[in-house]
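Undergrad: Before we start, here is the structure in question, set down as structure tokens.
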Amino acid sequence: MVSSSSLGRFAVLVTSLVGSAVAATTAEWKSRSVYQTMTDRFARTDGSTTAPCNTTQGLYCGGTWRGTIDKLDYIQGMGFDAVMISPIVENIEGRVSYGEAYHGYWPLDLYSLNSHFGTHQDLLDLSEALHSRGMYLMMDTVINNMAYMTNGKDPAKNIDYSVFTPFNDSSYFHPYCKITDWNNYTNAQLCQTGDDKVALPDLFTEHEDVQQILEKWAKEIISTYSIDGLRIDAAKHVNPGFLKNFGDAIGAFMTGEVLQQEVDTICKYQNNYIGSVPNYPIYYSVLKAFTLGNTTDLANQVEIMKNSCDDVTALASFSENHDVARFASMTDDMALAKNVLTFTILYDGVPMIYQGQEQHLDGPGTPDNREAIWLTKYNTDAELYKLIAKLNTIRKHAYKLDPNYVSLQTYPIFRGGSELGFRKGVEGRQVVMLLSTQGSNSSAYNLTLPVSFNGGVQVMDVLNCVNYTVNPQSELIVPMDKGEPRVFFPTSLMPGSGLCGYTTANVSFVELKTKGAAAAMSLGAKTTSSAAHGVLLSVLLSSLVAVLL
């Protein structure tokens with residue numbers, strides 16, 4: 001029987017945990033897997049799976065934060081433990097020839113929410129719903145510009161700066177100029193990314209007043225809605241010095257859009273200005289591998305990135321997003337799509353999967369790659385939906401067995417004419433992926449794969465639940481067929497994974513008490529993140545229930 005004084009002390013601890021939260025760090029994000037939503041196109045409040053959405057016209061289609069809450073089971077069913085949402089602030093109203101501000105990238109008032117997406121309470125409820133599941137919330141964020149609809153008039157003469165909040169004077173912006181050379185960084189950072197229909201006045205982010213306003217705003221938003229991390233839109237166009245100052249000020253994980261395929265550029269940003277950027281050099285190499293069959297470039301790029309970036313495991317790993325053509329628009333081959341997803345999720349970095357990739361959507365580029373996902377009826381039987389769930393599960397299992405797993409770098413172990421082998425993890429519990437560029441029409445054959453496991457060790461292909469034994473030469477003889485990927489993990493370490501008939505490990509009461517005590521001690525040294533907050537609270541409450549029972 002537990003004394004009332006013990007319960008009282010437990011209640012005080014729980015209350016103290018509820019009272020404070022800050023955004024999560026890069027180290028905390030590395031183990032996460034992110035599902036990127038475009039709020040307007042992900043889920044409607046009414047739950048409709050038939051509501052029309054004309055992506056070509058670029059109009060609002062009705063997706064909301066409330067709708068996202070109702071579809072968290074769908075997201076979590078794929079094993080994701082973080083969700084990214086569109087920018088949340090009020091955008092300009094009105095329509096031009098290519099649409100409205102459904103995407104959230106045309107800000108008008110930083111201190112108001114986009115009412116098309118929902119209310120203050122709706123966003124609070126979404127944050128709470130995610131954190132109650134132990135999931136993180138990432139917010140897409142615009143700090144480069146505001147927006148003004150000129151509809152064909154000269155932006156240099158027809159922008160009324162007084163309509164912006166809080167930047168209501170032209171002194172907060174660079175003098176108007178249009179970018180003429182997107183690869184000239186001075187030109188790209190001082191001039192605006194818009195056009196003469198929707199001007200995007202470029203914020204004077206070198207100015208201390210602008211910096212302080214943006215930093216204060218971001219910290220307030222993070223605190224109010226318990227945001228765990230940010231994606232910075234158009235980070236390439238933000239003054240790099242401010243980008244670093246902004247990140248230092250908010251103290252949260254940020255990944256910033258630098259849409260360049262040159263390794264030197266991407267690593268320069270990570271090494272000097274921002275801790276994470278989407279890994280575009282690897283993205284372009286993935287396309288070469290699985291649309292052109294160029295296995296050499298991807299294997300080489302993996303090595304080059306490791307030697308050029310300070311920490312490739314902090315970058316964002318992706319193979320689709322809202323700014324590039326969907327992979328299925330380049331080839332509809334399902335086997336190739338599986339290989340791409342396998343690499344994306346198991347390679348170094350924080351995996352970010354764009355909504356609809358699990359349904360093999362095929363939009364060839366903006367705006368057609370921003371389809372309404374509800375039209376797929378959120379099919380949980382889709383091949384890629386099930387594959388993503390397996391890949392996220394084995395990644396989490398490897399991390400559970402070795403928390404350092406996500407900080408260890410991937411390296412190539414095999415390069416064939418149409419195959420690539422990679423391993424990640426310490427010797428004896430590494431994850432090995434074997435990829436094929438042949439496609440679903442390929443015939444069956446055997447491949448000899450060096451795996452670094454000792455001879456006689458049993459490993460399981462976790463995608464097909466088949467055991468193989470490593471030969472005395474530390475090789476696997478792998479039957480390949482129809483271009484399908486293979487993912488191997490030691491069979492002896494499969495218990496607790498939740499894959500291939502193995503149950504998910506149950507946490508014992510002793511472990512709960514240990515975790516609760518460790519978390520409480522950690523709390524004395526630093527404040528927990530908002531999502532870790534929810535997990536920690538759940539652990540402590542579980543401990544209390546176990547004691548009472």
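Ligands are numbered from 1 in the order shown, residues from 1 within each chain, and chains are lettered A, B, ... in the order they appear in the structure tokens.
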How close does each residue of segment 135-246 of chain A get to segment 27-39 of chain A, giving the shortest atom pair and distance in Å to one decimal for every residue with an atom at most 10 Å away, counting only C-alpha atoms, sorted by chain and residue number, as a tab-separated table?
TA:
residue	atom	partner	partner_atom	distance
A:Met135	CA	A:Arg32	CA	8.6
A:Tyr136	CA	A:Arg32	CA	8.1
A:Leu137	CA	A:Val34	CA	9.0
A:Met138	CA	A:Val34	CA	8.5
A:Met139	CA	A:Gln36	CA	9.8
A:Asp140	CA	A:Gln36	CA	9.5
A:Asp228	CA	A:Trp29	CA	8.8
A:Gly229	CA	A:Trp29	CA	8.3
Undergrad: Create the file for the chosen residues now, containing all heavy atoms and written as a short mmCIF file (atom, residue, chain, number, x, y, z; two decimals), in the first residue's frame.
TA:
data_model
loop_
_atom_site.label_atom_id
_atom_site.label_comp_id
_atom_site.auth_asym_id
_atom_site.auth_seq_id
_atom_site.Cartn_x
_atom_site.Cartn_y
_atom_site.Cartn_z
N MET A 135 4.40 12.25 -29.55
CA MET A 135 4.86 12.71 -30.86
C MET A 135 5.29 14.17 -30.78
O MET A 135 4.83 14.93 -29.93
CB MET A 135 3.74 12.54 -31.90
CG MET A 135 3.25 11.11 -32.05
SD MET A 135 1.81 10.96 -33.14
CE MET A 135 2.57 11.15 -34.76
N TYR A 136 6.18 14.56 -31.69
CA TYR A 136 6.66 15.93 -31.78
C TYR A 136 5.83 16.72 -32.80
O TYR A 136 5.28 16.14 -33.75
CB TYR A 136 8.11 15.97 -32.23
CG TYR A 136 9.14 15.70 -31.16
CD1 TYR A 136 8.80 15.34 -29.86
CD2 TYR A 136 10.50 15.82 -31.46
CE1 TYR A 136 9.77 15.10 -28.91
CE2 TYR A 136 11.49 15.59 -30.52
CZ TYR A 136 11.11 15.22 -29.24
OH TYR A 136 12.08 14.99 -28.30
N LEU A 137 5.84 18.04 -32.63
CA LEU A 137 5.19 18.96 -33.57
C LEU A 137 6.23 19.89 -34.18
O LEU A 137 6.94 20.60 -33.46
CB LEU A 137 4.11 19.78 -32.85
CG LEU A 137 3.42 20.89 -33.67
CD1 LEU A 137 2.74 20.31 -34.91
CD2 LEU A 137 2.42 21.66 -32.80
N MET A 138 6.33 19.86 -35.50
CA MET A 138 7.22 20.77 -36.24
C MET A 138 6.36 21.77 -37.01
O MET A 138 5.35 21.40 -37.61
CB MET A 138 8.12 19.99 -37.20
CG MET A 138 9.02 20.89 -38.05
SD MET A 138 10.10 19.95 -39.18
CE MET A 138 11.34 19.37 -38.02
N MET A 139 6.78 23.03 -36.98
CA MET A 139 6.04 24.09 -37.68
C MET A 139 6.88 24.62 -38.85
O MET A 139 8.02 25.03 -38.66
CB MET A 139 5.72 25.23 -36.71
CG MET A 139 4.98 26.39 -37.34
SD MET A 139 4.60 27.71 -36.14
CE MET A 139 6.25 28.39 -35.84
N ASP A 140 6.32 24.62 -40.03
CA ASP A 140 6.93 25.28 -41.17
C ASP A 140 6.86 26.79 -40.89
O ASP A 140 5.86 27.29 -40.36
CB ASP A 140 6.16 24.93 -42.44
CG ASP A 140 7.01 25.08 -43.68
OD1 ASP A 140 8.12 25.65 -43.59
OD2 ASP A 140 6.57 24.65 -44.76
N ASP A 228 7.95 21.84 -31.13
CA ASP A 228 9.19 21.12 -30.83
C ASP A 228 10.32 21.42 -31.80
O ASP A 228 11.49 21.16 -31.49
CB ASP A 228 8.93 19.62 -30.83
CG ASP A 228 7.89 19.23 -29.79
OD1 ASP A 228 8.19 19.33 -28.59
OD2 ASP A 228 6.78 18.85 -30.18
N GLY A 229 10.00 21.93 -32.98
CA GLY A 229 11.04 22.22 -33.96
C GLY A 229 10.47 23.00 -35.12
O GLY A 229 9.25 23.08 -35.29
#
Undergrad: Please, which residues of segment 339-419 of chain A, numbered as in this document, come out helix (DSSP H, G or I) from DSSP, as a PDB file with C-alpha atoms, in the first residue's frame?
TA:
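Final file, selection-v6.pdb:
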ATOM      1  CA  ASN A 339      13.777   1.083 -52.740  1.00  0.00           C
ATOM      2  CA  VAL A 340      13.650   4.867 -52.571  1.00  0.00           C
ATOM      3  CA  LEU A 341      11.622   4.804 -49.351  1.00  0.00           C
ATOM      4  CA  THR A 342      13.883   2.169 -47.821  1.00  0.00           C
ATOM      5  CA  PHE A 343      16.938   4.321 -48.399  1.00  0.00           C
ATOM      6  CA  THR A 344      15.216   7.529 -47.267  1.00  0.00           C
ATOM      7  CA  ILE A 345      14.124   6.152 -43.897  1.00  0.00           C
ATOM      8  CA  LEU A 346      17.157   4.015 -43.065  1.00  0.00           C
ATOM      9  CA  GLN A 357       4.178   9.406 -50.799  1.00  0.00           C
ATOM     10  CA  GLU A 358       2.747   6.424 -48.945  1.00  0.00           C
ATOM     11  CA  GLN A 359      -0.103   6.348 -51.482  1.00  0.00           C
ATOM     12  CA  ILE A 373      -4.778  13.245 -49.491  1.00  0.00           C
ATOM     13  CA  TRP A 374      -8.346  12.564 -48.418  1.00  0.00           C
ATOM     14  CA  LEU A 375      -9.123  11.490 -51.986  1.00  0.00           C
ATOM     15  CA  THR A 376      -6.995   8.381 -51.367  1.00  0.00           C
ATOM     16  CA  GLU A 383       1.840  -1.228 -50.232  1.00  0.00           C
ATOM     17  CA  LEU A 384       3.973   1.786 -49.399  1.00  0.00           C
ATOM     18  CA  TYR A 385       1.968   2.585 -46.264  1.00  0.00           C
ATOM     19  CA  LYS A 386       2.791  -0.887 -44.925  1.00  0.00           C
ATOM     20  CA  LEU A 387       6.418  -0.632 -46.024  1.00  0.00           C
ATOM     21  CA  ILE A 388       6.918   2.688 -44.235  1.00  0.00           C
ATOM     22  CA  ALA A 389       5.508   1.167 -41.058  1.00  0.00           C
ATOM     23  CA  LYS A 390       8.081  -1.663 -41.217  1.00  0.00           C
ATOM     24  CA  LEU A 391      10.973   0.684 -41.954  1.00  0.00           C
ATOM     25  CA  ASN A 392      10.098   3.067 -39.132  1.00  0.00           C
ATOM     26  CA  THR A 393       9.708   0.092 -36.798  1.00  0.00           C
ATOM     27  CA  ILE A 394      13.124  -1.431 -37.468  1.00  0.00           C
ATOM     28  CA  ARG A 395      14.760   2.006 -37.246  1.00  0.00           C
ATOM     29  CA  LYS A 396      13.174   2.582 -33.834  1.00  0.00           C
ATOM     30  CA  HIS A 397      14.090  -0.904 -32.693  1.00  0.00           C
ATOM     31  CA  ALA A 398      17.747  -0.369 -33.639  1.00  0.00           C
ATOM     32  CA  TYR A 399      17.670   2.928 -31.752  1.00  0.00           C
ATOM     33  CA  LYS A 400      16.042   1.303 -28.710  1.00  0.00           C
ATOM     34  CA  LEU A 401      18.845  -1.263 -28.583  1.00  0.00           C
ATOM     35  CA  TYR A 405      22.476   4.342 -33.525  1.00  0.00           C
ATOM     36  CA  VAL A 406      21.011   7.505 -35.067  1.00  0.00           C
ATOM     37  CA  SER A 407      24.332   9.349 -34.688  1.00  0.00           C
TER      38      SER A 407
END
Undergrad: Let me make sure I understand: among A:Gly363, A:Pro201, A:Pro490, A:Gly77, which one has the smallest atom-to-atom distance to Gln458 of chain A if we use only C-alpha atoms?
TA: A:Pro490
Undergrad: Find the residue from A:Ser317, A:Gln121, A:Thr224, A:Asn379 that sits nearest to Gly349 of chain A; use only C-alpha atoms when measuring.
TA: A:Ser317
Undergrad: Using Å and a single decimal, report how far atom CA of Leu499 of chain A sits from atom CA of His360 of chain A.
TA: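 According to the coordinates, atom CA of His360 of chain A and atom CA of Leu499 of chain A are separated by 23.3 Å.
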